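Content type compact mmCIF, C-alpha atoms and all ligand atoms, from the file my_file.txt:
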# COMPACT_ATOMS: atom_id res chain seq x y z
CA MET V 1 35.22 19.52 21.17
CA LYS V 2 35.16 18.91 17.45
CA LYS V 3 37.92 20.83 15.68
CA ILE V 4 36.45 22.37 12.56
CA ALA V 5 38.71 24.18 10.10
CA LEU V 6 37.82 26.34 7.14
CA PHE V 7 40.17 26.29 4.14
CA PRO V 8 39.19 29.44 2.25
CA GLY V 9 40.36 30.42 -1.21
CA SER V 10 39.39 31.45 -4.70
CA PHE V 11 40.18 27.95 -6.02
CA ASP V 12 40.01 29.20 -9.60
CA PRO V 13 40.77 26.35 -10.18
CA PHE V 14 41.29 24.01 -7.17
CA THR V 15 44.66 22.30 -7.78
CA LYS V 16 46.67 19.33 -6.51
CA GLY V 17 48.50 21.86 -4.31
CA HIS V 18 45.19 22.68 -2.60
CA GLU V 19 44.30 19.00 -2.36
CA ASP V 20 47.60 18.31 -0.59
CA ILE V 21 46.83 21.02 1.99
CA VAL V 22 43.36 19.53 2.65
CA LEU V 23 44.67 15.97 3.03
CA ARG V 24 47.38 17.08 5.44
CA SER V 25 44.89 19.19 7.41
CA LEU V 26 42.84 16.08 8.05
CA THR V 27 45.61 14.78 10.31
CA ILE V 28 45.10 17.85 12.54
CA PHE V 29 41.38 18.66 12.34
CA ASP V 30 38.18 16.61 12.68
CA GLU V 31 36.45 18.36 9.82
CA VAL V 32 37.73 20.51 6.97
CA ILE V 33 35.38 22.81 5.08
CA ILE V 34 36.69 24.03 1.75
CA GLY V 35 35.20 27.50 1.29
CA ILE V 36 35.11 28.95 -2.21
CA GLY V 37 35.18 32.71 -1.71
CA VAL V 38 33.05 34.41 -4.32
CA ASN V 39 33.53 38.10 -4.91
CA THR V 40 30.65 39.21 -7.12
CA ALA V 41 32.68 42.21 -8.31
CA LYS V 42 35.44 39.95 -9.67
CA LYS V 43 35.03 37.75 -12.69
CA ARG V 44 36.10 34.13 -12.24
CA TYR V 45 37.60 31.92 -14.95
CA PHE V 46 36.02 28.68 -13.65
CA GLU V 47 32.49 29.05 -12.26
CA ALA V 48 32.24 28.61 -8.49
CA GLU V 49 29.38 26.11 -8.99
CA LEU V 50 31.56 23.96 -11.24
CA MET V 51 34.46 24.06 -8.78
CA GLU V 52 32.14 23.15 -5.92
CA LYS V 53 30.96 20.10 -7.85
CA LYS V 54 34.50 19.05 -8.87
CA ILE V 55 35.95 19.48 -5.37
CA ARG V 56 33.08 17.44 -3.93
CA GLU V 57 33.85 14.73 -6.50
CA ALA V 58 37.56 14.77 -5.55
CA PHE V 59 36.78 14.23 -1.85
CA LYS V 60 33.80 11.91 -2.16
CA SER V 61 35.50 9.23 -0.08
CA TYR V 62 36.22 11.69 2.77
CA PRO V 63 33.07 12.25 4.86
CA ASN V 64 34.88 14.84 7.00
CA VAL V 65 35.61 17.13 4.03
CA LYS V 66 32.82 19.54 3.09
CA VAL V 67 32.59 22.14 0.35
CA ALA V 68 30.69 25.43 0.34
CA SER V 69 30.73 28.75 -1.53
CA TYR V 70 30.44 32.05 0.31
CA GLU V 71 30.33 35.76 -0.28
CA GLY V 72 31.63 38.41 2.06
CA LEU V 73 34.30 38.22 4.72
CA THR V 74 36.00 34.91 5.43
CA ALA V 75 35.98 35.55 9.19
CA HIS V 76 32.21 36.06 9.14
CA PHE V 77 31.75 32.80 7.27
CA ALA V 78 34.06 30.96 9.69
CA LYS V 79 32.04 32.26 12.62
CA LYS V 80 28.80 31.14 11.00
CA LEU V 81 30.26 27.63 10.58
CA ASP V 82 31.73 27.68 14.07
CA ALA V 83 35.12 26.96 12.51
CA LYS V 84 37.75 28.41 14.83
CA PHE V 85 40.65 27.58 12.51
CA LEU V 86 41.53 28.91 9.11
CA ILE V 87 43.93 26.88 7.02
CA ARG V 88 46.20 28.55 4.52
CA GLY V 89 49.08 27.22 2.47
CA LEU V 90 52.46 28.90 2.31
CA ARG V 91 54.59 28.51 -0.79
CA ASN V 92 57.11 31.31 -0.41
CA THR V 93 57.87 34.64 1.25
CA THR V 94 55.43 36.47 -1.02
CA ASP V 95 52.63 34.24 0.30
CA PHE V 96 53.85 34.94 3.82
CA GLU V 97 53.72 38.75 3.48
CA TYR V 98 50.18 38.59 2.15
CA GLU V 99 48.95 35.92 4.57
CA ASN V 100 50.39 37.73 7.56
CA SER V 101 48.25 40.79 6.97
CA ILE V 102 45.04 38.89 6.15
CA SER V 103 45.38 36.80 9.29
CA GLN V 104 45.70 39.99 11.39
CA GLY V 105 42.57 41.32 9.70
CA ASN V 106 40.67 38.12 10.40
CA LYS V 107 41.68 38.17 14.05
CA PHE V 108 40.42 41.74 14.30
CA ILE V 109 36.98 40.48 13.22
CA TRP V 110 36.96 37.36 15.42
CA LYS V 111 39.49 37.19 18.24
CA GLU V 112 39.32 33.42 18.68
CA LEU V 113 39.99 32.67 15.03
CA GLU V 114 43.43 31.12 14.54
CA THR V 115 45.08 30.84 11.15
CA VAL V 116 47.12 27.68 10.73
CA PHE V 117 49.71 27.67 7.96
CA LEU V 118 50.87 24.55 6.23
CA VAL V 119 54.05 24.75 4.23
CA THR V 120 53.60 23.47 0.71
CA SER V 121 55.00 20.09 -0.29
CA PRO V 122 58.11 20.88 -2.39
CA SER V 123 56.89 18.99 -5.46
CA LEU V 124 53.72 21.11 -5.53
CA ALA V 125 55.23 24.49 -4.65
CA ALA V 126 55.26 25.76 -8.21
CA LEU V 127 51.58 25.04 -8.80
CA SER V 128 49.48 28.16 -8.99
CA SER V 129 45.91 28.67 -10.13
CA THR V 130 47.00 31.74 -12.10
CA ILE V 131 49.46 29.76 -14.23
CA ILE V 132 47.01 26.90 -14.69
CA ARG V 133 44.34 29.35 -15.90
CA GLU V 134 46.79 30.78 -18.44
CA LEU V 135 47.68 27.33 -19.73
CA HIS V 136 44.00 26.43 -20.09
CA ARG V 137 43.14 29.72 -21.79
CA TYR V 138 45.63 28.93 -24.54
CA GLY V 139 44.52 25.36 -25.04
CA GLU V 140 47.02 23.41 -22.95
CA ASN V 141 45.91 20.27 -21.14
CA ILE V 142 45.86 20.98 -17.40
CA GLU V 143 44.47 17.66 -16.15
CA GLU V 144 47.71 16.58 -14.47
CA PHE V 145 47.54 19.58 -12.13
CA LEU V 146 43.99 18.90 -10.97
CA PRO V 147 42.67 16.22 -8.57
CA TYR V 148 39.55 15.66 -10.76
CA LYS V 149 38.58 15.40 -14.43
CA LEU V 150 37.35 18.68 -15.91
P1 LIG G 1 43.36 33.18 -2.57
O1 LIG G 1 42.82 33.96 -3.73
O2 LIG G 1 42.50 33.29 -1.35
O3 LIG G 1 44.81 33.37 -2.27
P2 LIG G 1 43.94 30.60 -3.77
O4 LIG G 1 42.88 29.73 -4.34
O5 LIG G 1 44.93 31.17 -4.72
O6 LIG G 1 43.12 31.68 -2.98
O7 LIG G 1 44.75 29.83 -2.64
C1 LIG G 1 44.13 29.34 -1.49
C2 LIG G 1 45.18 28.91 -0.48
O8 LIG G 1 45.93 27.82 -1.00
C3 LIG G 1 46.20 29.99 -0.14
O9 LIG G 1 46.53 29.88 1.22
C4 LIG G 1 47.39 29.64 -0.99
O10 LIG G 1 48.60 30.09 -0.42
C5 LIG G 1 47.30 28.12 -0.96
N1 LIG G 1 47.96 27.50 -2.12
C6 LIG G 1 47.80 27.79 -3.43
N2 LIG G 1 48.56 26.99 -4.21
C7 LIG G 1 49.22 26.16 -3.36
C8 LIG G 1 50.18 25.11 -3.55
N3 LIG G 1 50.62 24.75 -4.75
N4 LIG G 1 50.65 24.49 -2.43
C9 LIG G 1 50.22 24.86 -1.21
N5 LIG G 1 49.33 25.84 -0.96
C10 LIG G 1 48.83 26.49 -2.04

Here is a file; write its structure as structure tokens.
Amino acid sequence: MKKIALFPGSFDPFTKGHEDIVLRSLTIFDEVIIGIGVNTAKKRYFEAELMEKKIREAFKSYPNVKVASYEGLTAHFAKKLDAKFLIRGLRNTTDFEYENSISQGNKFIWKELETVFLVTSPSLAALSSTIIRELHRYGENIEEFLPYKL
């Protein structure tokens, strides 16, 4: 059976840290779907449509990487895609505390859904979308943190 994994996130923006998680996931799964979670009540800094286009560009040579935006619960979207695995990255204990509770919530919605955690590569551990957004907001060049040209 084809192992399909969903890598969900806000990806506001998608960084080299995220890219690393996707590339490493490809050694475990047959197909990785990057899901941009859109919460209509929350304002994004980078438009989801733009991110979708840029992520697609970054993975154009990987036919087993797909990109999609979704609204609503991640577990519902995973079920719709028939993706029984969720991929999440862990940078530190703060990530762990948060991820632990979301993964319980997701399992409550779909019992077969397994969350697989990949520990961040040390050189990318300090990369966070929040910090990158702040740098960009105040005019800093953020290209070196992104796997595509803005
Ligand atoms: P969310 O808002 O859902 O937490 P993010 O876009 O911030 O979405 O992150 C998506 C996933 O990528 C999360 O599992 C997060 O822990 C992981 N992640 C973020 N930055 C890094 C990084 N530098 N290295 C590894 N994983 C990361």

Residue nearest Ala48 (chain V) among V:Asp20, V:Asp12, V:Asp82, V:Glu31 (counting all atoms listed in the file): V:Asp12

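For the choices V:Glu52, V:Asp30, V:Glu143, V:Glu71, the atom-to-atom distance to Ala5 (chain V) is smallest for V:Asp30 when using only C-alpha atoms.
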
Polymer residues at most 9 Å from Ser129 (chain V), only C-alpha atoms, same-chain spacing of 6 or more positions, as a tab-separated table (two decimals) with C-alpha atoms, in the frame of the given file:
chain	number	residue	atom	x	y	z
V	10	SER	CA	39.39	31.45	-4.70
V	11	PHE	CA	40.18	27.95	-6.02
V	12	ASP	CA	40.01	29.20	-9.60
V	13	PRO	CA	40.77	26.35	-10.18
V	14	PHE	CA	41.29	24.01	-7.17
V	15	THR	CA	44.66	22.30	-7.78

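The residue that comes closest to ligand LIG 1 (chain G), out of V:Phe77, V:Phe117, V:Phe108, V:Phe59 and on the basis of all atoms listed in the file, is V:Phe117.
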
What are the centre and edge lengths in Å, to one decimal, of the axis-aligned box around all listed atoms of region 66-72 of chain V with 3 Å added on each side, as AutoDock Vina command-line options?
--center_x 31.6 --center_y 29.0 --center_z 0.8 --size_x 8.5 --size_y 24.9 --size_z 10.6

For atom N1 of ligand LIG 1 (chain G) and CA of Leu127 (chain V), the interatomic separation in Å (one decimal): 8.0 Å

Listing only residues of chain V within 9 Å of ligand LIG 1 (chain G), what is the closest atom pair and its distance in Å (to one decimal) for each, using only C-alpha atoms and all ligand atoms, sorted by chain and residue number ascending, as a Markdown table?
| residue | atom | partner | partner_atom | distance |
| --- | --- | --- | --- | --- |
| V:Phe7 | CA | G:LIG1 | C2 | 7.3 |
| V:Pro8 | CA | G:LIG1 | C1 | 6.2 |
| V:Gly9 | CA | G:LIG1 | O6 | 3.5 |
| V:Ser10 | CA | G:LIG1 | O4 | 3.9 |
| V:Phe11 | CA | G:LIG1 | O4 | 3.6 |
| V:Asp12 | CA | G:LIG1 | O4 | 6.0 |
| V:Pro13 | CA | G:LIG1 | O4 | 7.1 |
| V:Phe14 | CA | G:LIG1 | O4 | 6.6 |
| V:Thr15 | CA | G:LIG1 | N2 | 7.1 |
| V:Lys16 | CA | G:LIG1 | N3 | 6.9 |
| V:Gly17 | CA | G:LIG1 | N3 | 3.6 |
| V:His18 | CA | G:LIG1 | C10 | 5.3 |
| V:Glu19 | CA | G:LIG1 | N4 | 8.4 |
| V:Asp20 | CA | G:LIG1 | C9 | 7.1 |
| V:Ile21 | CA | G:LIG1 | C9 | 6.0 |
| V:Ile36 | CA | G:LIG1 | O4 | 8.1 |
| V:Gly37 | CA | G:LIG1 | O2 | 7.4 |
| V:Ile87 | CA | G:LIG1 | O9 | 7.0 |
| V:Arg88 | CA | G:LIG1 | O9 | 3.6 |
| V:Gly89 | CA | G:LIG1 | N5 | 3.7 |
| V:Leu90 | CA | G:LIG1 | O10 | 4.9 |
| V:Arg91 | CA | G:LIG1 | C9 | 5.7 |
| V:Asn92 | CA | G:LIG1 | O10 | 8.6 |
| V:Asp95 | CA | G:LIG1 | O10 | 5.8 |
| V:Phe96 | CA | G:LIG1 | O10 | 8.3 |
| V:Tyr98 | CA | G:LIG1 | O3 | 8.7 |
| V:Glu99 | CA | G:LIG1 | O9 | 7.3 |
| V:Phe117 | CA | G:LIG1 | O9 | 7.8 |
| V:Leu118 | CA | G:LIG1 | N5 | 7.5 |
| V:Val119 | CA | G:LIG1 | C9 | 6.7 |
| V:Thr120 | CA | G:LIG1 | C9 | 4.1 |
| V:Ser121 | CA | G:LIG1 | N4 | 6.5 |
| V:Pro122 | CA | G:LIG1 | N4 | 8.3 |
| V:Ser123 | CA | G:LIG1 | N3 | 8.5 |
| V:Leu124 | CA | G:LIG1 | N3 | 4.8 |
| V:Ala125 | CA | G:LIG1 | N3 | 4.6 |
| V:Ala126 | CA | G:LIG1 | N3 | 5.9 |
| V:Leu127 | CA | G:LIG1 | N3 | 4.2 |
| V:Ser128 | CA | G:LIG1 | N2 | 5.0 |
| V:Ser129 | CA | G:LIG1 | O5 | 6.0 |
| V:Thr130 | CA | G:LIG1 | O5 | 7.7 |

List as a PDB file with C-alpha atoms, in the coordinates of the input: which residues have an atom within 9 Å of (43.7, 29.1, -16.3), counting all atoms listed in the file?
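Output file selection.pdb follows:
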ATOM      1  CA  ASP V  12      40.010  29.200  -9.600  1.00  0.00           C
ATOM      2  CA  PRO V  13      40.770  26.350 -10.180  1.00  0.00           C
ATOM      3  CA  TYR V  45      37.600  31.920 -14.950  1.00  0.00           C
ATOM      4  CA  PHE V  46      36.020  28.680 -13.650  1.00  0.00           C
ATOM      5  CA  SER V 129      45.910  28.670 -10.130  1.00  0.00           C
ATOM      6  CA  THR V 130      47.000  31.740 -12.100  1.00  0.00           C
ATOM      7  CA  ILE V 131      49.460  29.760 -14.230  1.00  0.00           C
ATOM      8  CA  ILE V 132      47.010  26.900 -14.690  1.00  0.00           C
ATOM      9  CA  ARG V 133      44.340  29.350 -15.900  1.00  0.00           C
ATOM     10  CA  GLU V 134      46.790  30.780 -18.440  1.00  0.00           C
ATOM     11  CA  LEU V 135      47.680  27.330 -19.730  1.00  0.00           C
ATOM     12  CA  HIS V 136      44.000  26.430 -20.090  1.00  0.00           C
ATOM     13  CA  ARG V 137      43.140  29.720 -21.790  1.00  0.00           C
ATOM     14  CA  TYR V 138      45.630  28.930 -24.540  1.00  0.00           C
ATOM     15  CA  ILE V 142      45.860  20.980 -17.400  1.00  0.00           C
TER      16      ILE V 142
END

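CA of Ala68 (chain V) sits 18.8 Å away from CA of Lys2 (chain V).
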
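Comparing V:Lys84, V:Arg44, V:Lys149, V:Lys111 by their smallest distance to Glu57 (chain V), the closest is V:Lys149 (using all atoms listed in the file).
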
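The space between CA of Val116 (chain V) and CA of Leu50 (chain V) spans 27.2 Å.
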
Shell around Leu86 (chain V) at 10 Å using only C-alpha atoms, local window under 5 positions removed, as a ChimeraX atom specification: /V:4-8,32-33,74-75,78,103,106,113-117

Taking the partial coordinates given, rebuild region 61-96 of chain V to contain N, CA and C atoms; return it as a short mmCIF file (atom, residue, chain, number, x, y, z; two decimals), in the coordinates of the input.
data_model
loop_
_atom_site.label_atom_id
_atom_site.label_comp_id
_atom_site.auth_asym_id
_atom_site.auth_seq_id
_atom_site.Cartn_x
_atom_site.Cartn_y
_atom_site.Cartn_z
N SER V 61 35.26 10.30 -1.06
CA SER V 61 35.50 9.23 -0.08
C SER V 61 35.94 9.76 1.28
N TYR V 62 35.86 11.08 1.47
CA TYR V 62 36.22 11.69 2.77
C TYR V 62 35.00 12.36 3.39
N PRO V 63 34.29 11.66 4.28
CA PRO V 63 33.07 12.25 4.86
C PRO V 63 33.34 13.49 5.72
N ASN V 64 34.58 13.66 6.16
CA ASN V 64 34.88 14.84 7.00
C ASN V 64 35.43 16.02 6.20
N VAL V 65 35.27 15.97 4.87
CA VAL V 65 35.61 17.13 4.03
C VAL V 65 34.32 17.66 3.42
N LYS V 66 34.03 18.95 3.64
CA LYS V 66 32.82 19.54 3.09
C LYS V 66 33.21 20.68 2.15
N VAL V 67 32.31 21.06 1.29
CA VAL V 67 32.59 22.14 0.35
C VAL V 67 31.43 23.13 0.37
N ALA V 68 31.74 24.43 0.36
CA ALA V 68 30.69 25.43 0.34
C ALA V 68 31.22 26.69 -0.35
N SER V 69 30.33 27.45 -0.97
CA SER V 69 30.73 28.75 -1.53
C SER V 69 30.21 29.82 -0.59
N TYR V 70 30.91 30.95 -0.54
CA TYR V 70 30.44 32.05 0.31
C TYR V 70 30.81 33.39 -0.29
N GLU V 71 30.02 34.38 0.12
CA GLU V 71 30.33 35.76 -0.28
C GLU V 71 30.63 36.52 0.99
N GLY V 72 31.36 37.58 0.88
CA GLY V 72 31.63 38.41 2.06
C GLY V 72 32.92 38.01 2.75
N LEU V 73 33.05 38.43 4.00
CA LEU V 73 34.30 38.22 4.72
C LEU V 73 34.46 36.78 5.19
N THR V 74 35.68 36.28 5.03
CA THR V 74 36.00 34.91 5.43
C THR V 74 35.76 34.71 6.93
N ALA V 75 36.14 35.68 7.73
CA ALA V 75 35.98 35.55 9.19
C ALA V 75 34.50 35.44 9.58
N HIS V 76 33.65 36.15 8.86
CA HIS V 76 32.21 36.06 9.14
C HIS V 76 31.69 34.66 8.81
N PHE V 77 32.18 34.14 7.69
CA PHE V 77 31.75 32.80 7.27
C PHE V 77 32.25 31.75 8.26
N ALA V 78 33.49 31.92 8.72
CA ALA V 78 34.06 30.96 9.69
C ALA V 78 33.22 30.96 10.96
N LYS V 79 32.83 32.14 11.40
CA LYS V 79 32.04 32.26 12.62
C LYS V 79 30.69 31.56 12.45
N LYS V 80 30.09 31.76 11.29
CA LYS V 80 28.80 31.14 11.00
C LYS V 80 28.91 29.61 11.06
N LEU V 81 30.05 29.09 10.60
CA LEU V 81 30.26 27.63 10.58
C LEU V 81 30.76 27.10 11.91
N ASP V 82 31.10 28.02 12.81
CA ASP V 82 31.73 27.68 14.07
C ASP V 82 33.09 26.99 13.84
N ALA V 83 33.78 27.47 12.83
CA ALA V 83 35.12 26.96 12.51
C ALA V 83 36.13 27.95 13.10
N LYS V 84 36.83 27.50 14.14
CA LYS V 84 37.75 28.41 14.83
C LYS V 84 39.15 28.42 14.21
N PHE V 85 39.34 27.63 13.16
CA PHE V 85 40.65 27.58 12.51
C PHE V 85 40.52 27.85 11.02
N LEU V 86 41.44 28.67 10.55
CA LEU V 86 41.53 28.91 9.11
C LEU V 86 42.81 28.23 8.65
N ILE V 87 42.73 27.52 7.56
CA ILE V 87 43.93 26.88 7.02
C ILE V 87 44.37 27.67 5.80
N ARG V 88 45.66 27.93 5.73
CA ARG V 88 46.20 28.55 4.52
C ARG V 88 47.52 27.87 4.18
N GLY V 89 47.83 27.85 2.91
CA GLY V 89 49.08 27.22 2.47
C GLY V 89 50.13 28.28 2.23
N LEU V 90 51.36 27.96 2.55
CA LEU V 90 52.46 28.90 2.31
C LEU V 90 53.44 28.29 1.32
N ARG V 91 53.65 29.01 0.22
CA ARG V 91 54.59 28.51 -0.79
C ARG V 91 55.93 29.22 -0.72
N ASN V 92 55.89 30.49 -0.37
CA ASN V 92 57.11 31.31 -0.41
C ASN V 92 56.93 32.56 0.44
N THR V 93 57.93 33.44 0.40
CA THR V 93 57.87 34.64 1.25
C THR V 93 56.79 35.61 0.78
N THR V 94 56.48 35.60 -0.51
CA THR V 94 55.43 36.47 -1.02
C THR V 94 54.10 36.07 -0.40
N ASP V 95 53.84 34.74 -0.36
CA ASP V 95 52.63 34.24 0.30
C ASP V 95 52.63 34.69 1.75
N PHE V 96 53.78 34.60 2.41
CA PHE V 96 53.85 34.94 3.82
C PHE V 96 53.46 36.40 4.08
#
